[in-house]
file model_12.cif (mmCIF, C-alpha atoms)
data_target
#
loop_
_atom_site.label_atom_id
_atom_site.label_comp_id
_atom_site.auth_asym_id
_atom_site.auth_seq_id
_atom_site.Cartn_x
_atom_site.Cartn_y
_atom_site.Cartn_z
CA MET P 1 24.86 -9.56 -24.93
CA LYS P 2 23.33 -6.70 -22.95
CA ILE P 3 19.69 -5.82 -23.35
CA ALA P 4 18.20 -2.57 -22.11
CA VAL P 5 14.82 -3.35 -20.56
CA VAL P 6 13.55 -0.48 -18.39
CA LYS P 7 10.41 -2.00 -16.94
CA ASN P 8 8.62 -1.49 -13.67
CA ILE P 9 8.82 -4.80 -11.80
CA LEU P 10 5.31 -4.38 -10.42
CA GLU P 11 3.79 -3.49 -13.80
CA ALA P 12 1.67 -6.66 -13.94
CA ASN P 13 0.06 -5.82 -10.61
CA ASP P 14 -0.26 -2.12 -11.46
CA ARG P 15 -2.07 -3.03 -14.67
CA ILE P 16 -4.61 -5.27 -12.89
CA ALA P 17 -5.09 -2.62 -10.20
CA GLN P 18 -5.80 -0.09 -12.93
CA GLU P 19 -8.39 -2.39 -14.51
CA ASN P 20 -10.03 -2.89 -11.10
CA ARG P 21 -10.09 0.85 -10.61
CA ALA P 22 -11.72 1.41 -14.01
CA LEU P 23 -14.53 -0.97 -13.06
CA PHE P 24 -15.01 0.76 -9.69
CA ASP P 25 -15.07 4.19 -11.37
CA GLU P 26 -17.58 3.05 -13.95
CA ASN P 27 -19.93 2.07 -11.14
CA GLY P 28 -19.21 5.09 -8.95
CA VAL P 29 -17.83 2.95 -6.12
CA THR P 30 -15.36 4.56 -3.73
CA VAL P 31 -12.68 2.06 -2.70
CA MET P 32 -10.63 2.46 0.46
CA ASN P 33 -7.57 0.31 1.12
CA LEU P 34 -7.32 0.09 4.92
CA MET P 35 -3.92 -0.83 6.34
CA SER P 36 -2.18 -1.08 9.73
CA SER P 37 -0.15 -3.37 11.97
CA PRO P 38 -1.96 -6.42 13.36
CA GLY P 39 -4.12 -5.36 16.28
CA ALA P 40 -4.21 -1.61 15.60
CA GLY P 41 -8.00 -1.73 15.22
CA LYS P 42 -8.87 -2.13 11.52
CA THR P 43 -11.82 -4.45 12.09
CA SER P 44 -13.05 -2.49 15.11
CA LEU P 45 -12.96 0.72 13.08
CA LEU P 46 -14.87 -1.03 10.30
CA GLU P 47 -17.55 -2.28 12.68
CA LYS P 48 -18.08 1.22 14.07
CA THR P 49 -18.01 2.82 10.62
CA ILE P 50 -20.46 0.34 9.13
CA GLN P 51 -22.82 0.81 12.06
CA ALA P 52 -22.75 4.58 11.60
CA LEU P 53 -22.96 4.75 7.80
CA LYS P 54 -25.17 1.77 6.98
CA GLY P 55 -28.28 3.93 6.84
CA ASP P 56 -26.77 6.44 4.41
CA LEU P 57 -24.49 4.34 2.22
CA THR P 58 -24.40 0.88 0.69
CA LEU P 59 -21.21 -0.79 1.84
CA GLY P 60 -19.18 -3.87 0.99
CA VAL P 61 -16.04 -5.29 2.59
CA ILE P 62 -13.15 -7.46 1.46
CA GLU P 63 -11.25 -8.96 4.39
CA GLY P 64 -7.64 -9.94 3.85
CA ASP P 65 -5.95 -12.28 6.32
CA ILE P 66 -3.25 -14.86 6.10
CA GLN P 67 -5.56 -17.40 7.67
CA SER P 68 -9.04 -17.72 9.27
CA SER P 69 -12.40 -16.10 8.58
CA LYS P 70 -12.75 -14.45 11.99
CA ASP P 71 -12.84 -10.91 10.59
CA ALA P 72 -15.37 -11.73 7.86
CA GLU P 73 -17.60 -13.33 10.48
CA ARG P 74 -17.49 -10.13 12.55
CA ILE P 75 -18.45 -8.04 9.51
CA ALA P 76 -21.11 -10.50 8.27
CA ARG P 77 -22.97 -10.05 11.57
CA MET P 78 -23.65 -6.50 10.46
CA ASP P 79 -25.55 -7.77 7.46
CA ILE P 80 -23.48 -6.32 4.64
CA PRO P 81 -21.75 -8.21 1.80
CA VAL P 82 -18.29 -9.41 2.83
CA VAL P 83 -15.71 -11.66 1.21
CA GLN P 84 -12.79 -13.19 3.09
CA ILE P 85 -9.51 -13.62 1.23
CA ASN P 86 -7.00 -15.98 2.85
CA THR P 87 -3.61 -15.26 1.37
CA GLY P 88 -2.19 -18.51 2.78
CA GLY P 89 1.05 -16.91 3.88
CA ALA P 90 1.37 -13.83 1.68
CA CYS P 91 1.76 -10.67 3.74
CA HIS P 92 -0.37 -8.38 1.57
CA LEU P 93 -3.28 -8.26 -0.89
CA ASP P 94 -2.68 -7.57 -4.56
CA GLY P 95 -4.79 -6.56 -7.56
CA ASN P 96 -5.38 -10.10 -8.69
CA MET P 97 -6.79 -11.27 -5.33
CA ILE P 98 -9.25 -8.37 -5.37
CA ARG P 99 -10.31 -9.14 -8.93
CA ASP P 100 -11.08 -12.73 -7.91
CA THR P 101 -13.80 -11.49 -5.52
CA PHE P 102 -15.74 -9.52 -8.14
CA GLY P 103 -18.40 -12.19 -8.64
CA GLU P 104 -19.48 -11.71 -5.02
CA PHE P 105 -20.48 -8.05 -5.29
CA ASN P 106 -23.09 -6.06 -7.13
CA PHE P 107 -21.04 -2.95 -7.84
CA GLU P 108 -23.95 -1.04 -9.33
CA GLU P 109 -25.49 -0.94 -5.88
CA LEU P 110 -22.34 -0.22 -3.86
CA ASP P 111 -21.25 3.22 -2.67
CA LEU P 112 -18.21 2.23 -0.66
CA LEU P 113 -16.02 -0.85 -0.78
CA VAL P 114 -13.49 -1.23 2.02
CA VAL P 115 -10.52 -3.51 1.48
CA GLU P 116 -9.11 -4.48 4.87
CA ASN P 117 -5.55 -5.44 4.08
CA VAL P 118 -3.41 -8.01 5.90
CA GLY P 119 -2.10 -6.61 9.20
CA ASN P 120 1.41 -5.47 8.34
CA LEU P 121 3.08 -2.04 8.33
CA VAL P 122 5.37 -2.73 5.37
CA CYS P 123 4.26 -4.85 2.44
CA PRO P 124 0.66 -3.77 1.74
CA ALA P 125 1.88 -0.25 0.97
CA GLU P 126 3.82 -1.52 -2.04
CA PHE P 127 0.88 -3.16 -3.89
CA LYS P 128 -2.02 -1.26 -5.41
CA VAL P 129 -5.37 -3.05 -5.44
CA GLY P 130 -7.34 -0.47 -7.43
CA GLU P 131 -8.23 1.80 -4.50
CA ASP P 132 -9.19 5.47 -4.65
CA PHE P 133 -7.16 6.11 -1.54
CA LYS P 134 -5.24 4.36 1.22
CA ALA P 135 -6.12 4.89 4.87
CA MET P 136 -3.99 3.65 7.73
CA ILE P 137 -4.37 3.25 11.46
CA LEU P 138 -1.62 3.69 14.02
CA SER P 139 -2.56 2.97 17.61
CA VAL P 140 -0.91 4.91 20.41
CA THR P 141 0.46 1.70 21.93
CA GLU P 142 2.73 1.28 18.89
CA GLY P 143 4.79 4.40 19.58
CA GLU P 144 5.83 7.66 17.96
CA ASP P 145 8.76 6.16 16.10
CA LYS P 146 6.68 4.14 13.64
CA PRO P 147 6.43 6.76 10.86
CA ALA P 148 10.23 7.05 10.79
CA LYS P 149 10.63 3.27 10.79
CA TYR P 150 7.96 2.50 8.18
CA PRO P 151 7.94 5.57 5.94
CA LEU P 152 6.40 4.03 2.82
CA MET P 153 2.95 3.38 4.30
CA PHE P 154 2.74 6.87 5.83
CA HIS P 155 3.86 8.34 2.52
CA GLU P 156 1.31 6.41 0.45
CA SER P 157 -1.68 6.96 2.75
CA SER P 158 -4.11 9.86 2.40
CA VAL P 159 -5.57 9.38 5.86
CA LEU P 160 -4.07 8.48 9.23
CA LEU P 161 -6.33 7.43 12.08
CA ILE P 162 -4.58 7.55 15.45
CA ASN P 163 -6.50 4.94 17.42
CA LYS P 164 -6.77 3.91 21.08
CA THR P 165 -6.46 7.50 22.33
CA ASP P 166 -8.24 6.32 25.49
CA LEU P 167 -4.99 4.54 26.40
CA LEU P 168 -2.84 7.71 26.21
CA PRO P 169 -2.57 8.06 30.01
CA TYR P 170 -0.90 4.64 30.16
CA VAL P 171 1.69 4.90 27.39
CA ASP P 172 4.81 6.98 26.73
CA CYS P 173 3.47 8.25 23.46
CA THR P 174 1.80 11.52 22.53
CA VAL P 175 -0.56 12.34 19.72
CA GLU P 176 1.55 15.44 19.00
CA GLY P 177 4.63 13.24 18.61
CA ILE P 178 2.88 10.93 16.14
CA ARG P 179 1.49 13.90 14.20
CA GLU P 180 4.87 15.55 13.92
CA GLU P 181 6.63 12.39 12.72
CA ALA P 182 3.87 11.44 10.27
CA LEU P 183 3.49 14.92 8.77
CA LYS P 184 7.24 15.10 8.18
CA ILE P 185 6.90 12.16 5.78
CA ASN P 186 3.55 13.20 4.36
CA PRO P 187 2.58 16.85 4.90
CA HIS P 188 -0.77 16.22 3.14
CA LEU P 189 -2.00 13.51 5.54
CA VAL P 190 -5.52 14.00 6.88
CA ILE P 191 -5.32 12.94 10.55
CA PHE P 192 -8.09 11.84 12.92
CA GLU P 193 -7.64 11.06 16.60
CA ILE P 194 -10.04 8.34 17.59
CA SER P 195 -10.89 5.68 20.10
CA CYS P 196 -12.95 2.84 18.70
CA ARG P 197 -13.55 1.73 22.26
CA THR P 198 -15.09 4.97 23.58
CA GLY P 199 -16.22 6.36 20.23
CA ASP P 200 -14.21 9.56 20.71
CA GLY P 201 -13.38 11.40 17.49
CA LEU P 202 -15.30 9.03 15.23
CA GLU P 203 -17.97 11.55 14.15
CA ALA P 204 -15.39 13.65 12.32
CA TRP P 205 -14.11 10.54 10.55
CA TYR P 206 -17.61 9.49 9.45
CA ASP P 207 -18.31 12.97 8.07
CA TRP P 208 -15.05 13.02 6.13
CA LEU P 209 -15.65 9.56 4.68
CA LYS P 210 -19.24 10.34 3.68
CA GLN P 211 -18.04 13.46 1.91
CA GLU P 212 -15.39 11.49 -0.01
CA VAL P 213 -17.96 8.95 -1.17
CA ARG P 214 -20.47 11.63 -2.23
CA ALA P 215 -17.83 13.58 -4.14
CA ARG P 216 -17.03 10.49 -6.22
CA LYS P 217 -20.69 9.64 -6.77
CA LYS P 218 -21.21 13.04 -8.35
CA ALA P 219 -18.03 12.89 -10.47
CA MET X 1 8.39 -10.59 3.31
CA HIS X 2 6.85 -9.27 0.09
CA GLU X 3 10.18 -9.82 -1.65
CA MET X 4 8.91 -13.23 -2.76
CA SER X 5 6.03 -11.66 -4.74
CA ILE X 6 8.38 -9.09 -6.21
CA ALA X 7 10.96 -11.73 -7.16
CA GLN X 8 8.19 -13.70 -8.88
CA SER X 9 7.07 -10.64 -10.88
CA LEU X 10 10.69 -10.00 -11.79
CA VAL X 11 11.20 -13.57 -13.02
CA ASP X 12 7.98 -13.38 -15.08
CA ILE X 13 9.25 -10.28 -16.89
CA LEU X 14 12.73 -11.78 -17.39
CA LYS X 15 11.26 -14.94 -18.89
CA GLU X 16 9.25 -12.92 -21.37
CA GLU X 17 12.25 -10.78 -22.33
CA MET X 18 14.46 -13.86 -22.80
CA VAL X 19 11.97 -15.43 -25.21
CA LYS X 20 11.64 -12.14 -27.07
CA ASN X 21 15.43 -11.88 -27.46
CA ARG X 22 15.96 -15.63 -28.10
CA ALA X 23 18.36 -15.77 -25.15
CA LYS X 24 19.51 -19.10 -23.68
CA VAL X 25 21.35 -18.09 -20.52
CA LEU X 26 20.78 -15.24 -18.11
CA ARG X 27 24.06 -13.82 -16.78
CA SER X 28 22.94 -10.84 -14.75
CA VAL X 29 20.15 -8.35 -14.23
CA LYS X 30 20.50 -4.73 -13.21
CA LEU X 31 17.75 -3.31 -10.99
CA ASN X 32 17.05 0.17 -9.71
CA ILE X 33 15.58 0.18 -6.23
CA GLY X 34 14.28 3.51 -5.00
CA ARG X 35 14.94 4.44 -1.39
CA LEU X 36 11.22 4.83 -0.81
CA SER X 37 10.45 1.21 -1.62
CA ALA X 38 10.44 -1.13 1.33
CA ILE X 39 12.66 -3.72 -0.33
CA VAL X 40 15.46 -5.48 1.50
CA PRO X 41 18.03 -6.25 -1.25
CA GLU X 42 19.37 -9.37 0.50
CA ALA X 43 15.86 -10.78 0.84
CA LEU X 44 15.13 -10.09 -2.83
CA SER X 45 18.35 -11.86 -3.89
CA PHE X 46 17.51 -14.82 -1.69
CA CYS X 47 13.97 -15.16 -3.11
CA PHE X 48 15.23 -14.74 -6.66
CA GLU X 49 17.78 -17.55 -6.18
CA ILE X 50 15.09 -19.90 -4.89
CA ILE X 51 12.72 -19.20 -7.78
CA VAL X 52 15.33 -19.59 -10.54
CA SER X 53 17.12 -22.65 -9.15
CA GLY X 54 16.88 -25.50 -11.64
CA THR X 55 15.87 -23.17 -14.50
CA HIS X 56 17.88 -21.60 -17.31
CA MET X 57 18.19 -18.51 -15.12
CA GLU X 58 20.03 -20.31 -12.33
CA GLY X 59 23.26 -18.58 -11.34
CA ALA X 60 22.21 -15.19 -12.69
CA LYS X 61 23.42 -12.27 -10.62
CA LEU X 62 21.12 -9.54 -9.35
CA VAL X 63 22.91 -6.20 -9.40
CA MET X 64 20.91 -3.71 -7.38
CA GLU X 65 21.49 -0.01 -7.29
CA MET X 66 19.77 1.96 -4.53
CA ILE X 67 18.40 5.19 -5.98
CA PRO X 68 18.30 8.18 -3.62
CA LEU X 69 15.07 10.10 -3.17
CA GLU X 70 15.01 13.34 -5.10
CA ALA X 71 12.31 15.96 -5.32
CA ALA X 72 11.57 19.30 -6.92
CA CYS X 73 9.82 22.06 -5.02
CA LEU X 74 6.69 23.26 -6.80
CA ASP X 75 6.96 26.66 -5.14
CA CYS X 76 10.64 27.71 -5.24
CA GLU X 77 11.52 25.22 -8.00
CA LYS X 78 14.73 24.00 -6.35
CA VAL X 79 15.73 20.34 -6.76
CA PHE X 80 17.02 18.51 -3.68
CA GLU X 81 17.65 15.12 -2.13
CA ILE X 82 15.12 13.99 0.44
CA GLU X 83 16.91 13.00 3.61
CA ASP X 84 15.34 11.10 6.52
CA TYR X 85 12.10 10.88 4.54
CA ALA X 86 11.30 14.54 5.15
CA PHE X 87 8.94 15.30 2.27
CA SER X 88 9.05 19.08 2.29
CA CYS X 89 11.35 21.63 0.71
CA PRO X 90 14.49 22.25 2.82
CA TYR X 91 14.83 25.74 1.25
CA CYS X 92 11.38 27.31 1.48
CA LYS X 93 9.72 24.66 3.74
CA SER X 94 6.86 24.18 1.27
CA PRO X 95 5.01 20.84 1.47
CA ASN X 96 4.22 21.09 -2.26
CA ILE X 97 6.96 19.00 -3.73
CA LYS X 98 7.13 16.47 -6.52
CA THR X 99 9.21 13.35 -6.05
CA ILE X 100 11.29 12.88 -9.18
CA ALA X 101 13.51 9.91 -8.27
CA GLY X 102 13.74 7.14 -5.71
CA GLN X 103 10.24 5.72 -6.03
CA ASP X 104 11.02 3.20 -8.71
CA LEU X 105 11.42 -0.53 -8.57
CA SER X 106 12.56 -1.36 -12.06
CA ILE X 107 14.65 -3.54 -14.31
CA VAL X 108 17.21 -1.53 -16.21
CA GLU X 109 19.29 -4.03 -18.12
CA MET X 110 19.89 -7.74 -18.50
CA GLU X 111 22.96 -9.58 -19.74
CA VAL X 112 22.22 -12.78 -21.66
CA ASP X 113 23.84 -15.31 -23.99
#

call {"tool": "encode", "arguments": {"input": "model_12.cif", "output": "structure tokens"}}
result
Amino acid sequence: MKIAVVKNILEANDRIAQENRALFDENGVTVMNLMSSPGAGKTSLLEKTIQALKGDLTLGVIEGDIQSSKDAERIARMDIPVVQINTGGACHLDGNMIRDTFGEFNFEELDLLVVENVGNLVCPAEFKVGEDFKAMILSVTEGEDKPAKYPLMFHESSVLLINKTDLLPYVDCTVEGIREEALKINPHLVIFEISCRTGDGLEAWYDWLKQEVRARKKA
Amino acid sequence: MHEMSIAQSLVDILKEEMVKNRAKVLRSVKLNIGRLSAIVPEALSFCFEIIVSGTHMEGAKLVMEMIPLEAACLDCEKVFEIEDYAFSCPYCKSPNIKTIAGQDLSIVEMEVD
């Protein structure tokens, strides 16, 4: 006997992500899902961003890693609420894992919640967690071919931060090359060229992020 | 290797559907996998086999059809296939396009006894 089903396989996760999102919206919290390969600079970007925005905005962070609490310890030093999720092998965060952290935050007081996903250029892009938007980092040491090799993440992200621009003289990779490849997949990408090490380009990123948060607060 | 999570979600839905339809044995499942999804069909099959081994779904075949990416241009209104993940209109070069196929990851049909 044949049965027609027609169901989205990820519907259970999509539903939880939607419920998470409804709670965030109710409280006027902007949620950013931050993704990249391991070592591209997610935690470094967060440290810089928290330092710069702490005075203006109330922030919270969820750290996703397969193992260890090293990232949460780095963020906790900055005196903002942080929860570490250890996926114990899973290569991405999902809606359910985010929901499990809700007891740790006071959403009424939060302006911006950053979800730092597990370092991985493939899987995190497939699972919604309830974010307003996805942001990704690509460092210049990874090469210009990454958008073509991992199109889903570039397609799903609203923002691309090209990090480690201070290393450009030492690598066979150009910012123009990354831009061209990334914009082919996603012509609407907002792109920032930054160096978390020198601080170059970060002001423009902070301004953009603050604007995003304020726009949602009003709405 | 997110295929394991996806295989688990798939099995959860199949279980529910089998109860609903009072089915005893699962013969095969047809899936549509959009070209945009980052699924490796072989990995999904492998994970599915592991999860269902020893259950009443053991031996069921996963039939996967890869769905090409298709989009419609919001400016010149032409419909076209997206090749090499170039998300802009090949006719008028507009970036304002709407993807109409190839994003899905869905169950289409199951064969049961």

call {"tool": "interface_residues", "arguments": {"input": "model_12.cif", "of": "chain X", "to": "chain P", "cutoff": "8 Å", "atoms": "only C-alpha atoms", "output": "PyMOL selection string"}}
result
chain X and resi 1-2+6+9-10+13+36-38+84-88+95+104-113

call {"tool": "write_last_selection", "arguments": {"input": "model_12.cif", "atoms": "C-alpha atoms", "output": "tab-separated table (two decimals), in the coordinates of the input"}}
result
chain	number	residue	atom	x	y	z
X	1	MET	CA	8.39	-10.59	3.31
X	2	HIS	CA	6.85	-9.27	0.09
X	6	ILE	CA	8.38	-9.09	-6.21
X	9	SER	CA	7.07	-10.64	-10.88
X	10	LEU	CA	10.69	-10.00	-11.79
X	13	ILE	CA	9.25	-10.28	-16.89
X	36	LEU	CA	11.22	4.83	-0.81
X	37	SER	CA	10.45	1.21	-1.62
X	38	ALA	CA	10.44	-1.13	1.33
X	84	ASP	CA	15.34	11.10	6.52
X	85	TYR	CA	12.10	10.88	4.54
X	86	ALA	CA	11.30	14.54	5.15
X	87	PHE	CA	8.94	15.30	2.27
X	88	SER	CA	9.05	19.08	2.29
X	95	PRO	CA	5.01	20.84	1.47
X	104	ASP	CA	11.02	3.20	-8.71
X	105	LEU	CA	11.42	-0.53	-8.57
X	106	SER	CA	12.56	-1.36	-12.06
X	107	ILE	CA	14.65	-3.54	-14.31
X	108	VAL	CA	17.21	-1.53	-16.21
X	109	GLU	CA	19.29	-4.03	-18.12
X	110	MET	CA	19.89	-7.74	-18.50
X	111	GLU	CA	22.96	-9.58	-19.74
X	112	VAL	CA	22.22	-12.78	-21.66
X	113	ASP	CA	23.84	-15.31	-23.99

call {"tool": "resolve_selection", "arguments": {"input": "model_12.cif", "expression": "the PyMOL selection byres ((chain P and resi 18-33) around 8)", "output": "count of residues only"}}
result
30

call {"tool": "resolve_selection", "arguments": {"input": "model_12.cif", "expression": "the PyMOL selection byres ((chain P and resi 172-180) around 10)", "output": "PyMOL selection string"}}
result
chain P and resi 138-148+160+162-163+165+167-171+181-187+189+191-193

call {"tool": "write_last_selection", "arguments": {"input": "model_12.cif", "atoms": "C-alpha atoms", "output": "compact mmCIF listing (two decimals), in the frame of the given file"}}
result
# COMPACT_ATOMS: atom_id res chain seq x y z
CA LEU P 138 -1.62 3.69 14.02
CA SER P 139 -2.56 2.97 17.61
CA VAL P 140 -0.91 4.91 20.41
CA THR P 141 0.46 1.70 21.93
CA GLU P 142 2.73 1.28 18.89
CA GLY P 143 4.79 4.40 19.58
CA GLU P 144 5.83 7.66 17.96
CA ASP P 145 8.76 6.16 16.10
CA LYS P 146 6.68 4.14 13.64
CA PRO P 147 6.43 6.76 10.86
CA ALA P 148 10.23 7.05 10.79
CA LEU P 160 -4.07 8.48 9.23
CA ILE P 162 -4.58 7.55 15.45
CA ASN P 163 -6.50 4.94 17.42
CA THR P 165 -6.46 7.50 22.33
CA LEU P 167 -4.99 4.54 26.40
CA LEU P 168 -2.84 7.71 26.21
CA PRO P 169 -2.57 8.06 30.01
CA TYR P 170 -0.90 4.64 30.16
CA VAL P 171 1.69 4.90 27.39
CA GLU P 181 6.63 12.39 12.72
CA ALA P 182 3.87 11.44 10.27
CA LEU P 183 3.49 14.92 8.77
CA LYS P 184 7.24 15.10 8.18
CA ILE P 185 6.90 12.16 5.78
CA ASN P 186 3.55 13.20 4.36
CA PRO P 187 2.58 16.85 4.90
CA LEU P 189 -2.00 13.51 5.54
CA ILE P 191 -5.32 12.94 10.55
CA PHE P 192 -8.09 11.84 12.92
CA GLU P 193 -7.64 11.06 16.60

call {"tool": "resolve_selection", "arguments": {"input": "model_12.cif", "expression": "the PyMOL selection byres ((chain P and resi 62) around 6)", "output": "PDB file with C-alpha atoms, in the frame of the given file"}}
result
ATOM      1  CA  VAL P  61     -16.040  -5.290   2.590  1.00  0.00           C
ATOM      2  CA  GLU P  63     -11.250  -8.960   4.390  1.00  0.00           C
ATOM      3  CA  VAL P  82     -18.290  -9.410   2.830  1.00  0.00           C
ATOM      4  CA  VAL P  83     -15.710 -11.660   1.210  1.00  0.00           C
ATOM      5  CA  GLN P  84     -12.790 -13.190   3.090  1.00  0.00           C
ATOM      6  CA  VAL P 115     -10.520  -3.510   1.480  1.00  0.00           C
TER       7      VAL P 115
END

call {"tool": "residues_around", "arguments": {"input": "model_12.cif", "residues": "X:Glu65", "least_positions_apart": "5", "cutoff": "9 Å", "atoms": "all atoms listed in the file", "output": "VMD selection string"}}
result
chain X and resid 30 to 34

call {"tool": "atom_distance", "arguments": {"input": "model_12.cif", "atom1": "atom CA of P:Lys164", "atom2": "atom CA of P:Met78"}}
result
22.5 Å
